[in-house]
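The structure appears right after this line, and notes come after that.
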Amino acid sequence: MDLLQFAQLVLDNLPYEPTSQQVELIAALSRFCSARTASDSVFLLNGYAGTGKTSLCAALVKALNMAGIGTVLLAPTGRAAKVFSRFAGHPAYTIHRRIYSVGGNGVTSPRDIRPAANRSVNTIFIVDEASMIGADSGSGNLLEHLIHYVYSGVNCKLILLGDTAQLPPVGCDESPAMSAKTLHAEGLRVTRAVLTATVRQASDSGILYNATWLRRAMRLEELPAPVLRAAPFNDVHVTDGEELEDALNASYNVDGVGETILVTRSNMRATRFNLAIRSRILGYEEELCNDDRLLVGKNNYYWTREVKGVDFIANGDSAVVERVIATESRYGFRFADVVMRLPDRDVSIECKIILDTLVNDAATLSRAEMTELYEHIVADGDPSLSASTRAAEAMKSPYFNALQVKYGYAVTCHKAQGGQWRNVYVDLGYIPPESIGMEFYRWLYTAVTRATSQLYLVNPSIEIK
């Protein structure tokens with residue numbers, strides 16, 4: 001199959017008439033995916049909201065499959081992988097699950113996380129939401145390990161899809177995976193493309209209108225005052241505090257709790273919203289109830305050691321409580337044994353969680369709190385054992401490895417990143433004027449683009465037209 005035939009395959013699988021910009025991109029991707037392209041090449045695609053990046057990628061995946069070219073789809077989080085898989089009509093996996101091998105069972109031997117071997121041949125690896133990839137994965141430099149994994153295969157190449165207008169990874173000024181300079185430093189030949197033209201199907205969407213305005217404003221030499229537009233669109237709404245309860249209740253009733261999220265600016269504000277939603281809308285009186293939605297705050301390898309197909313529970317994974325088995329206070333903390341379902345993984349797991357983190361203002365237990373828990377467990381160990389053995393046993397304790405979770409009805413923008421919901425409520429309550437800079441614009445752009453159907457601007461303190 002020559003380049004023109006392959007490009008035509010991609011075009012035939014697009015659900016709409018492509019823009020001239022998309023036609024040029026399809027030609028570039030066709031050249032990249034051909035055998036003529038050097039095996040140390042990477043394609044960097046920066047696609048803004050509403051430009052048709054997802055549909056184009058889905059068409060590319062179908063064309064690759066029809067041409068008999070191996071394809072592996074990856075994403076940084078479980079939720080992002082599930083969204084990617086749904087749009088592309090092809091299985092997608094978390095980066096972590098694909099590129100790392102997990103040994104040991106966490107009980108009789110420590111969990112050993114090491115790079116896996118890439119046995120793929122003539123395969124195109126496509127990573128969505130690549131702008132979320134940071135340096136530290138908990139196992140080292142995730143981007144470096146991803147690159148090493150892909151290019152250790154036989155004639156394998158990498159396509160990175162991202163949106164540089166979104167928030168960069170925590171602790172970064174920009175996304176390293178979307179930086180040509182960073183990729184060059186890894187010894188790769190970089191082909192770059194940017195999608196900026198909004199497809200015609202998005203022209204009547206207020207969500208994408210506002211996202212496009214924010215993205216264009218970020219490119220100006222001087223940031224203008226932020227302005228969002230609700231009229232004349234049917235998918236953007238302004239909601240004050242008094243209307244919020246009724247609006248959320250309506251969204252839950254129509255689309256379900258799992259398709260509705262409130263995005264806010266800090267863990268403290270998320271906690272306040274979560275407590276109000278549970279008590280006033282859902283009617284939950286206990287600290288933890290069946291059907292409660294939780295958000296995992298820290299990677300955990302302990303509770304999946306006997307679960308086939310799930311190597312770990314990831315920071316940012318959502319979970320639904322199916323059953324509360326028991327609760328207890330121990331070692332100065334409170335715990336619950338639960339059965340919970342991971343909807344993005346389609347699996348249920350019995351595990352222990354720390355109840356203290358549900359309402360902490362911090363994302364997880366602090367280092368000092370973890371040290372305190374560890375020392376309590378060590379002190380409670382068998383006195384006939386040596387100090388080093390008690391320390392090793394403490395590291396394998398289910399209490400030390402209890403999942404750190406928060407309520408999942410309201411989340412910070414970093415936790416929402418990579419996910420999509422039909423209904424997104426964006427908390428725009430008092431925003432200090434001095435905090436309205438590039439970081440705020442990226443935060444707002446990321447929050448707005450989480451919505452696929454309805455966007456609600458809650459208590460806006462910026463101008464709304």
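Residue numbering restarts at 1 for every chain of the structure tokens, chains are lettered A, B, ... in their displayed order, and ligands are numbered from 1 as they appear.
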
Which polymer residues have any atom within 12 Å of an atom of stretch 56-61 of chain A, counting only C-alpha atoms, with same-chain residues fewer than 5 positions away left out, as a compact mmCIF listing (two decimals) with N, CA, C and O atoms, in the first residue's frame?
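What ended up in out07.txt:
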```txt
# COMPACT_ATOMS: atom_id res chain seq x y z
N PHE A 6 -2.85 4.86 1.62
CA PHE A 6 -3.03 4.88 3.07
C PHE A 6 -3.73 6.16 3.52
O PHE A 6 -4.65 6.13 4.35
N ALA A 7 -3.31 7.31 2.97
CA ALA A 7 -3.95 8.58 3.32
C ALA A 7 -5.44 8.55 2.97
O ALA A 7 -6.28 9.07 3.72
N GLN A 8 -5.78 7.91 1.84
CA GLN A 8 -7.19 7.82 1.46
C GLN A 8 -7.97 6.96 2.45
O GLN A 8 -9.14 7.24 2.75
N LEU A 9 -7.32 5.90 2.98
CA LEU A 9 -7.96 5.08 4.01
C LEU A 9 -8.32 5.92 5.23
O LEU A 9 -9.42 5.79 5.80
N VAL A 10 -7.39 6.78 5.65
CA VAL A 10 -7.66 7.65 6.81
C VAL A 10 -8.82 8.58 6.49
O VAL A 10 -9.76 8.72 7.30
N LEU A 11 -8.79 9.20 5.32
CA LEU A 11 -9.87 10.12 4.92
C LEU A 11 -11.22 9.41 4.87
O LEU A 11 -12.24 9.95 5.30
N ASP A 12 -11.24 8.18 4.37
CA ASP A 12 -12.49 7.42 4.26
C ASP A 12 -13.09 7.11 5.62
O ASP A 12 -14.31 6.90 5.73
N ASN A 13 -12.25 7.06 6.65
CA ASN A 13 -12.74 6.74 7.99
C ASN A 13 -13.09 7.96 8.83
O ASN A 13 -13.54 7.81 9.97
N LEU A 14 -12.87 9.15 8.28
CA LEU A 14 -13.28 10.36 8.99
C LEU A 14 -14.79 10.52 8.89
O LEU A 14 -15.37 10.35 7.80
N PRO A 15 -15.46 10.87 9.98
CA PRO A 15 -16.93 10.99 9.94
C PRO A 15 -17.43 12.33 9.38
O PRO A 15 -18.61 12.61 9.43
N TYR A 16 -16.52 13.16 8.88
CA TYR A 16 -16.90 14.47 8.35
C TYR A 16 -15.90 14.90 7.28
O TYR A 16 -14.85 14.29 7.09
N GLU A 17 -16.23 15.96 6.56
CA GLU A 17 -15.31 16.51 5.55
C GLU A 17 -14.15 17.20 6.27
O GLU A 17 -14.36 18.08 7.10
N PRO A 18 -12.91 16.79 6.00
CA PRO A 18 -11.78 17.35 6.74
C PRO A 18 -11.47 18.79 6.35
O PRO A 18 -11.77 19.23 5.24
N THR A 19 -10.89 19.52 7.29
CA THR A 19 -10.39 20.86 6.99
C THR A 19 -9.09 20.72 6.20
O THR A 19 -8.47 19.65 6.17
N GLN A 21 -6.31 21.92 6.98
CA GLN A 21 -5.27 21.65 7.97
C GLN A 21 -5.21 20.16 8.30
O GLN A 21 -4.12 19.58 8.44
N GLN A 22 -6.37 19.53 8.41
CA GLN A 22 -6.42 18.10 8.69
C GLN A 22 -5.90 17.27 7.52
O GLN A 22 -5.24 16.25 7.72
N VAL A 23 -6.18 17.71 6.30
CA VAL A 23 -5.67 17.01 5.12
C VAL A 23 -4.15 17.01 5.12
O VAL A 23 -3.50 15.99 4.86
N GLU A 24 -3.56 18.16 5.44
CA GLU A 24 -2.10 18.25 5.51
C GLU A 24 -1.55 17.34 6.61
O GLU A 24 -0.51 16.69 6.45
N LEU A 25 -2.26 17.29 7.74
CA LEU A 25 -1.81 16.45 8.85
C LEU A 25 -1.89 14.97 8.47
O LEU A 25 -0.98 14.19 8.79
N ILE A 26 -2.95 14.58 7.79
CA ILE A 26 -3.10 13.18 7.36
C ILE A 26 -1.95 12.79 6.44
O ILE A 26 -1.39 11.68 6.54
N ALA A 27 -1.57 13.69 5.56
CA ALA A 27 -0.44 13.41 4.67
C ALA A 27 0.85 13.22 5.48
O ALA A 27 1.64 12.30 5.21
N ALA A 28 1.05 14.09 6.49
CA ALA A 28 2.26 13.99 7.32
C ALA A 28 2.27 12.70 8.13
O ALA A 28 3.30 12.03 8.25
N LEU A 29 1.11 12.33 8.69
CA LEU A 29 1.02 11.09 9.47
C LEU A 29 1.22 9.87 8.58
O LEU A 29 1.81 8.87 9.01
N SER A 30 0.73 9.93 7.35
CA SER A 30 0.91 8.81 6.42
C SER A 30 2.39 8.60 6.12
O SER A 30 2.86 7.45 6.08
N PHE A 32 4.84 9.48 8.10
CA PHE A 32 5.47 9.03 9.34
C PHE A 32 5.26 7.54 9.57
O PHE A 32 6.16 6.84 10.03
N CYS A 33 4.07 7.03 9.27
CA CYS A 33 3.74 5.63 9.53
C CYS A 33 4.30 4.68 8.48
O CYS A 33 4.20 3.46 8.63
N LEU A 45 2.00 15.72 18.01
CA LEU A 45 0.79 16.40 17.54
C LEU A 45 0.14 17.17 18.68
O LEU A 45 -0.35 16.58 19.65
N GLY A 47 -2.95 19.19 19.49
CA GLY A 47 -4.29 19.45 18.96
C GLY A 47 -5.17 20.11 20.01
O GLY A 47 -5.40 19.55 21.08
N GLY A 50 -11.68 20.92 20.03
CA GLY A 50 -12.58 21.23 18.93
C GLY A 50 -11.97 21.17 17.56
O GLY A 50 -12.63 21.46 16.57
N THR A 51 -10.69 20.77 17.47
CA THR A 51 -10.02 20.73 16.17
C THR A 51 -10.15 19.38 15.48
O THR A 51 -9.60 19.18 14.39
N MET A 66 -6.43 -1.64 9.13
CA MET A 66 -6.79 -2.14 7.80
C MET A 66 -5.55 -2.41 6.95
O MET A 66 -5.55 -3.29 6.09
N ALA A 67 -4.48 -1.65 7.22
CA ALA A 67 -3.24 -1.83 6.47
C ALA A 67 -2.35 -2.90 7.08
O ALA A 67 -1.27 -3.19 6.56
N GLY A 68 -2.79 -3.48 8.20
CA GLY A 68 -2.01 -4.54 8.84
C GLY A 68 -0.81 -4.05 9.61
O GLY A 68 0.14 -4.81 9.84
N ILE A 69 -0.84 -2.78 10.03
CA ILE A 69 0.25 -2.21 10.81
C ILE A 69 -0.13 -2.28 12.29
O ILE A 69 -1.20 -1.84 12.69
N GLY A 70 0.74 -2.84 13.11
CA GLY A 70 0.46 -2.99 14.53
C GLY A 70 0.24 -1.64 15.20
O GLY A 70 0.95 -0.67 14.90
N THR A 71 -0.72 -1.59 16.11
CA THR A 71 -1.06 -0.34 16.79
C THR A 71 -1.27 -0.61 18.27
O THR A 71 -2.00 -1.54 18.64
N VAL A 72 -0.65 0.20 19.12
CA VAL A 72 -0.86 0.13 20.57
C VAL A 72 -1.26 1.52 21.05
O VAL A 72 -0.56 2.50 20.78
N LEU A 73 -2.40 1.61 21.73
CA LEU A 73 -2.89 2.89 22.26
C LEU A 73 -2.63 2.97 23.75
O LEU A 73 -2.92 2.03 24.49
N VAL A 83 -11.47 6.58 27.75
CA VAL A 83 -12.01 7.57 26.80
C VAL A 83 -11.38 7.37 25.43
O VAL A 83 -12.06 7.36 24.40
N PHE A 84 -10.05 7.19 25.41
CA PHE A 84 -9.31 7.00 24.16
C PHE A 84 -9.79 5.75 23.44
O PHE A 84 -10.02 5.75 22.23
N SER A 85 -9.96 4.66 24.18
CA SER A 85 -10.41 3.40 23.61
C SER A 85 -11.80 3.53 23.00
O SER A 85 -12.07 3.02 21.90
N ARG A 86 -12.68 4.23 23.70
CA ARG A 86 -14.05 4.40 23.21
C ARG A 86 -14.09 5.16 21.89
O ARG A 86 -14.78 4.79 20.95
N PHE A 87 -13.31 6.23 21.80
CA PHE A 87 -13.30 7.04 20.58
C PHE A 87 -12.62 6.31 19.42
O PHE A 87 -13.06 6.40 18.28
N ALA A 88 -11.52 5.61 19.73
CA ALA A 88 -10.74 4.98 18.67
C ALA A 88 -11.29 3.62 18.25
O ALA A 88 -10.93 3.10 17.19
N GLY A 89 -12.18 3.03 19.08
CA GLY A 89 -12.69 1.70 18.77
C GLY A 89 -11.61 0.64 18.79
O GLY A 89 -11.62 -0.32 18.02
N HIS A 90 -10.65 0.82 19.73
CA HIS A 90 -9.48 -0.07 19.81
C HIS A 90 -9.05 -0.11 21.26
O HIS A 90 -9.13 0.90 21.97
N PRO A 91 -8.58 -1.25 21.78
CA PRO A 91 -8.15 -1.31 23.19
C PRO A 91 -7.06 -0.28 23.49
O PRO A 91 -6.18 -0.03 22.67
N ALA A 92 -7.14 0.31 24.67
CA ALA A 92 -6.11 1.26 25.13
C ALA A 92 -5.73 0.90 26.55
O ALA A 92 -6.54 0.39 27.32
N THR A 123 5.41 -1.62 14.88
CA THR A 123 4.21 -1.17 15.60
C THR A 123 4.27 0.34 15.84
O THR A 123 5.32 0.89 16.17
N ILE A 124 3.11 0.98 15.68
CA ILE A 124 2.96 2.40 15.99
C ILE A 124 2.32 2.53 17.36
O ILE A 124 1.21 2.03 17.58
N PHE A 125 3.02 3.15 18.30
CA PHE A 125 2.48 3.43 19.63
C PHE A 125 1.91 4.84 19.63
O PHE A 125 2.61 5.80 19.27
N ILE A 126 0.63 4.97 20.01
CA ILE A 126 -0.03 6.28 20.02
C ILE A 126 -0.43 6.59 21.46
O ILE A 126 -1.18 5.83 22.08
N VAL A 127 0.06 7.70 21.99
CA VAL A 127 -0.21 8.09 23.38
C VAL A 127 -1.09 9.33 23.39
O VAL A 127 -0.70 10.39 22.89
N ASP A 128 -2.29 9.21 23.93
CA ASP A 128 -3.20 10.35 24.07
C ASP A 128 -2.94 11.04 25.41
O ASP A 128 -2.39 10.45 26.34
N ILE A 159 3.78 8.16 18.45
CA ILE A 159 3.01 9.38 18.18
C ILE A 159 2.48 9.90 19.51
O ILE A 159 1.82 9.16 20.25
N LEU A 160 2.80 11.15 19.83
CA LEU A 160 2.37 11.76 21.08
C LEU A 160 1.29 12.80 20.78
O LEU A 160 1.53 13.75 20.03
N LEU A 161 0.10 12.60 21.35
CA LEU A 161 -1.02 13.52 21.16
C LEU A 161 -1.23 14.30 22.44
O LEU A 161 -1.32 13.72 23.53
N GLY A 162 -1.32 15.62 22.35
CA GLY A 162 -1.53 16.41 23.55
C GLY A 162 -2.11 17.77 23.23
O GLY A 162 -2.41 18.09 22.08
N LEU A 195 -2.81 21.41 15.37
CA LEU A 195 -4.17 21.60 14.87
C LEU A 195 -4.79 22.78 15.61
O LEU A 195 -4.92 22.73 16.84
N VAL A 199 -13.29 22.45 13.79
CA VAL A 199 -14.10 21.80 12.76
C VAL A 199 -15.51 22.40 12.78
O VAL A 199 -15.98 22.91 13.80
```

(message) So that I can check the surroundings of A:Leu373, please list as an NGL selection string every protein, DNA and RNA residue that reaches within 9 Å of it, counting only C-alpha atoms and ignoring chain neighbours fewer than 2 positions away.
(response) :A and (331-333 or 368-371 or 375-378 or 399-400)

Emit the selected residues as a PDB file, in the first residue's frame, including C-alpha atoms.
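Produced file selection_32.pdb, reproduced below:
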```
ATOM      1  CA  TYR A 331      -2.446   3.092  65.030  1.00  0.00           C
ATOM      2  CA  GLY A 332      -3.919   6.560  65.474  1.00  0.00           C
ATOM      3  CA  PHE A 333      -5.863   6.404  62.188  1.00  0.00           C
ATOM      4  CA  ALA A 368       5.078  12.877  58.758  1.00  0.00           C
ATOM      5  CA  GLU A 369       1.722  11.082  59.011  1.00  0.00           C
ATOM      6  CA  MET A 370       2.983   8.133  56.979  1.00  0.00           C
ATOM      7  CA  THR A 371       6.064   7.952  59.204  1.00  0.00           C
ATOM      8  CA  GLU A 375       6.340   3.571  63.450  1.00  0.00           C
ATOM      9  CA  HIS A 376       3.102   2.492  65.167  1.00  0.00           C
ATOM     10  CA  ILE A 377       2.972  -0.670  63.035  1.00  0.00           C
ATOM     11  CA  VAL A 378       6.635  -1.461  63.743  1.00  0.00           C
ATOM     12  CA  TYR A 399      -2.670  -0.852  57.166  1.00  0.00           C
ATOM     13  CA  PHE A 400       0.493   0.797  55.837  1.00  0.00           C
TER      14      PHE A 400
END
```

(message) If DSSP is run on the backbone, what residues of stretch 173-246 of chain A are strand (DSSP E or B)? A reply as a VMD selection string would be ideal.
(response) chain A and resid 189 to 195 227 to 228 236 to 239

(request) Considering only C-alpha atoms, state which residue in the set A:Tyr302, A:Tyr425, A:Phe312, A:Tyr374 is at the smallest distance from A:Thr77. (result)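 Going through A:Tyr302, A:Tyr425, A:Phe312, A:Tyr374 one by one, the smallest distance to A:Thr77 is for A:Phe312.
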
Would you tabulate, counting only C-alpha atoms, all residues of stretch 11-115 of chain A that have an atom at most 12 Å from an atom of stretch 346-354 of chain A, showing the closest pair of atoms and their distance in Å to one decimal, sorted by chain then ascending number, as a tab-separated table?
```
residue	atom	partner	partner_atom	distance
A:Gly78	CA	A:Asp346	CA	10.5
A:Arg79	CA	A:Asp346	CA	11.1
A:Lys82	CA	A:Asp346	CA	10.2
```

(message) Given only C-alpha atoms as the basis, pick out the residue of A:Cys413, A:Ile462, A:Ala247, A:Met268 nearest to A:Glu439.
(response)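 Of all the options, A:Cys413 lies closest to A:Glu439.
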
(request) Select, from A:His237, A:Arg278, A:Ser453, A:Glu463, the residue with the minimum atom-to-atom distance to A:Asn249, counting only C-alpha atoms. (result)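 Nearest candidate to A:Asn249 out of A:His237, A:Arg278, A:Ser453, A:Glu463: A:Arg278.
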
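Between atom CA of A:Pro343 and atom CA of A:Arg265 the interatomic distance comes to 24.9 Å.
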
(request) Can you check which residues of stretch 74-185 of chain A DSSP gives as alpha helix (DSSP H) on the backbone and send them as a PyMOL selection string? (result) chain A and resi 78-88+95-99+142-151+180-185

Deliver the residues from the most recent selection as a file, using N, CA, C and O atoms, as a short mmCIF file (atom, residue, chain, number, x, y, z; two decimals), in the first residue's frame.
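Written file, out-v2.cif:
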```cif
data_model
loop_
_atom_site.label_atom_id
_atom_site.label_comp_id
_atom_site.auth_asym_id
_atom_site.auth_seq_id
_atom_site.Cartn_x
_atom_site.Cartn_y
_atom_site.Cartn_z
N GLY A 78 -6.16 5.64 33.83
CA GLY A 78 -7.17 4.67 33.45
C GLY A 78 -8.37 5.31 32.78
O GLY A 78 -8.89 4.78 31.79
N ARG A 79 -8.80 6.44 33.32
CA ARG A 79 -9.96 7.10 32.73
C ARG A 79 -9.64 7.61 31.32
O ARG A 79 -10.43 7.47 30.40
N ALA A 80 -8.45 8.21 31.16
CA ALA A 80 -8.05 8.71 29.84
C ALA A 80 -7.93 7.56 28.84
O ALA A 80 -8.30 7.69 27.67
N ALA A 81 -7.42 6.40 29.30
CA ALA A 81 -7.31 5.24 28.42
C ALA A 81 -8.69 4.75 27.98
O ALA A 81 -8.89 4.37 26.82
N LYS A 82 -9.65 4.78 28.90
CA LYS A 82 -10.99 4.32 28.56
C LYS A 82 -11.65 5.26 27.56
O LYS A 82 -12.31 4.82 26.61
N VAL A 83 -11.47 6.58 27.75
CA VAL A 83 -12.01 7.57 26.80
C VAL A 83 -11.38 7.37 25.43
O VAL A 83 -12.06 7.36 24.40
N PHE A 84 -10.05 7.19 25.41
CA PHE A 84 -9.31 7.00 24.16
C PHE A 84 -9.79 5.75 23.44
O PHE A 84 -10.02 5.75 22.23
N SER A 85 -9.96 4.66 24.18
CA SER A 85 -10.41 3.40 23.61
C SER A 85 -11.80 3.53 23.00
O SER A 85 -12.07 3.02 21.90
N ARG A 86 -12.68 4.23 23.70
CA ARG A 86 -14.05 4.40 23.21
C ARG A 86 -14.09 5.16 21.89
O ARG A 86 -14.78 4.79 20.95
N PHE A 87 -13.31 6.23 21.80
CA PHE A 87 -13.30 7.04 20.58
C PHE A 87 -12.62 6.31 19.42
O PHE A 87 -13.06 6.40 18.28
N ALA A 88 -11.52 5.61 19.73
CA ALA A 88 -10.74 4.98 18.67
C ALA A 88 -11.29 3.62 18.25
O ALA A 88 -10.93 3.10 17.19
N ILE A 95 -0.13 3.85 30.38
CA ILE A 95 1.30 3.75 30.06
C ILE A 95 1.99 2.84 31.07
O ILE A 95 2.78 1.97 30.71
N HIS A 96 1.65 3.06 32.33
CA HIS A 96 2.30 2.31 33.41
C HIS A 96 2.12 0.81 33.23
O HIS A 96 3.05 0.03 33.38
N ARG A 97 0.89 0.41 32.92
CA ARG A 97 0.60 -1.02 32.79
C ARG A 97 1.40 -1.65 31.65
O ARG A 97 1.84 -2.80 31.73
N ARG A 98 1.60 -0.87 30.56
CA ARG A 98 2.26 -1.44 29.39
C ARG A 98 3.78 -1.49 29.52
O ARG A 98 4.42 -2.47 29.11
N ILE A 99 4.39 -0.45 30.09
CA ILE A 99 5.85 -0.34 30.01
C ILE A 99 6.58 -0.84 31.25
O ILE A 99 7.80 -0.92 31.25
N LEU A 142 9.06 8.83 33.81
CA LEU A 142 8.07 8.12 33.00
C LEU A 142 8.30 8.35 31.51
O LEU A 142 8.23 7.41 30.71
N LEU A 143 8.56 9.60 31.11
CA LEU A 143 8.76 9.88 29.70
C LEU A 143 9.98 9.15 29.16
O LEU A 143 9.95 8.54 28.10
N GLU A 144 11.07 9.20 29.92
CA GLU A 144 12.30 8.50 29.51
C GLU A 144 12.06 7.01 29.38
O GLU A 144 12.51 6.36 28.42
N HIS A 145 11.33 6.44 30.35
CA HIS A 145 11.06 5.00 30.31
C HIS A 145 10.13 4.64 29.14
O HIS A 145 10.29 3.59 28.52
N LEU A 146 9.15 5.50 28.85
CA LEU A 146 8.25 5.27 27.71
C LEU A 146 9.04 5.24 26.41
O LEU A 146 8.85 4.34 25.57
N ILE A 147 9.91 6.23 26.23
CA ILE A 147 10.71 6.30 25.01
C ILE A 147 11.61 5.07 24.87
O ILE A 147 11.69 4.44 23.81
N HIS A 148 12.26 4.70 25.96
CA HIS A 148 13.15 3.54 25.93
C HIS A 148 12.36 2.27 25.60
O HIS A 148 12.81 1.42 24.81
N TYR A 149 11.18 2.14 26.18
CA TYR A 149 10.36 0.96 25.93
C TYR A 149 9.96 0.87 24.45
O TYR A 149 10.15 -0.17 23.80
N VAL A 150 9.40 1.95 23.92
CA VAL A 150 8.92 1.92 22.53
C VAL A 150 10.05 1.62 21.56
O VAL A 150 9.93 0.72 20.70
N TYR A 151 11.16 2.32 21.69
CA TYR A 151 12.22 2.20 20.69
C TYR A 151 13.15 1.00 20.93
O TYR A 151 14.05 0.76 20.13
N ALA A 180 9.62 19.56 21.88
CA ALA A 180 10.54 19.02 20.87
C ALA A 180 11.97 19.00 21.39
O ALA A 180 12.73 18.08 21.09
N LYS A 181 12.32 20.01 22.18
CA LYS A 181 13.68 20.08 22.73
C LYS A 181 13.96 18.87 23.62
O LYS A 181 15.04 18.25 23.54
N THR A 182 13.00 18.52 24.47
CA THR A 182 13.17 17.36 25.35
C THR A 182 13.30 16.07 24.54
O THR A 182 14.14 15.22 24.84
N LEU A 183 12.49 15.93 23.50
CA LEU A 183 12.51 14.71 22.69
C LEU A 183 13.81 14.63 21.87
O LEU A 183 14.37 13.54 21.70
N HIS A 184 14.29 15.78 21.39
CA HIS A 184 15.58 15.80 20.69
C HIS A 184 16.69 15.33 21.63
O HIS A 184 17.59 14.59 21.23
N ALA A 185 16.61 15.77 22.88
CA ALA A 185 17.63 15.40 23.86
C ALA A 185 17.64 13.90 24.13
O ALA A 185 18.65 13.35 24.59
#
```

(request) Have a look at A:Gly241, A:Pro432, A:Gly153, A:Pro176 and name the one nearest to A:Ser39; count only C-alpha atoms. (result)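 Closest to A:Ser39, using only C-alpha atoms: A:Gly153.
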
(request) Quote the spacing between atom CA of A:Glu259 and atom CA of A:Met218 in Å to one decimal place. (result) 29.1 Å

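One finds atom CA of A:Val359 at 13.4 Å from atom CA of A:Glu286.
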
(message) Report as a PyMOL selection string all protein, DNA and RNA residues lying within 12 Å of A:Met132, evaluated on only C-alpha atoms, omitting residues in the same chain fewer than 3 positions from it.
(response) chain A and resi 75-77+80+95+127-129+135-137+142-143+160-178+413-419+446

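The environment of A:Ala217 within 12 Å, counting only C-alpha atoms and disregarding residues fewer than 6 places along the same chain, consists of Ala165, Asn210, Ala211, Leu223, Pro224, Ala225, Pro226, Val227, Leu228, Gly437, Met438, Phe440, Tyr441, Arg442, Leu444 and Tyr445 of chain A.
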
Residues within 9 Å of A:Thr357, only C-alpha atoms, excluding chain neighbours under 3 positions, as a compact mmCIF listing (two decimals) with C-alpha atoms, in the first residue's frame:
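Written out: part.txt:
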```
# COMPACT_ATOMS: atom_id res chain seq x y z
CA GLY A 297 -4.92 9.98 45.70
CA ILE A 353 -8.87 2.38 52.84
CA ILE A 354 -7.83 5.19 55.18
CA ASN A 360 -8.09 16.12 54.64
CA ASP A 361 -7.26 19.41 52.95
CA ALA A 362 -4.12 17.76 51.56
CA ALA A 363 -4.31 15.35 48.63
CA THR A 364 -2.83 12.48 50.68
CA LEU A 365 -1.33 11.78 54.09
CA GLN A 404 -5.61 6.85 50.28
CA VAL A 405 -8.87 8.17 48.87
CA LYS A 406 -11.08 11.24 48.84
```
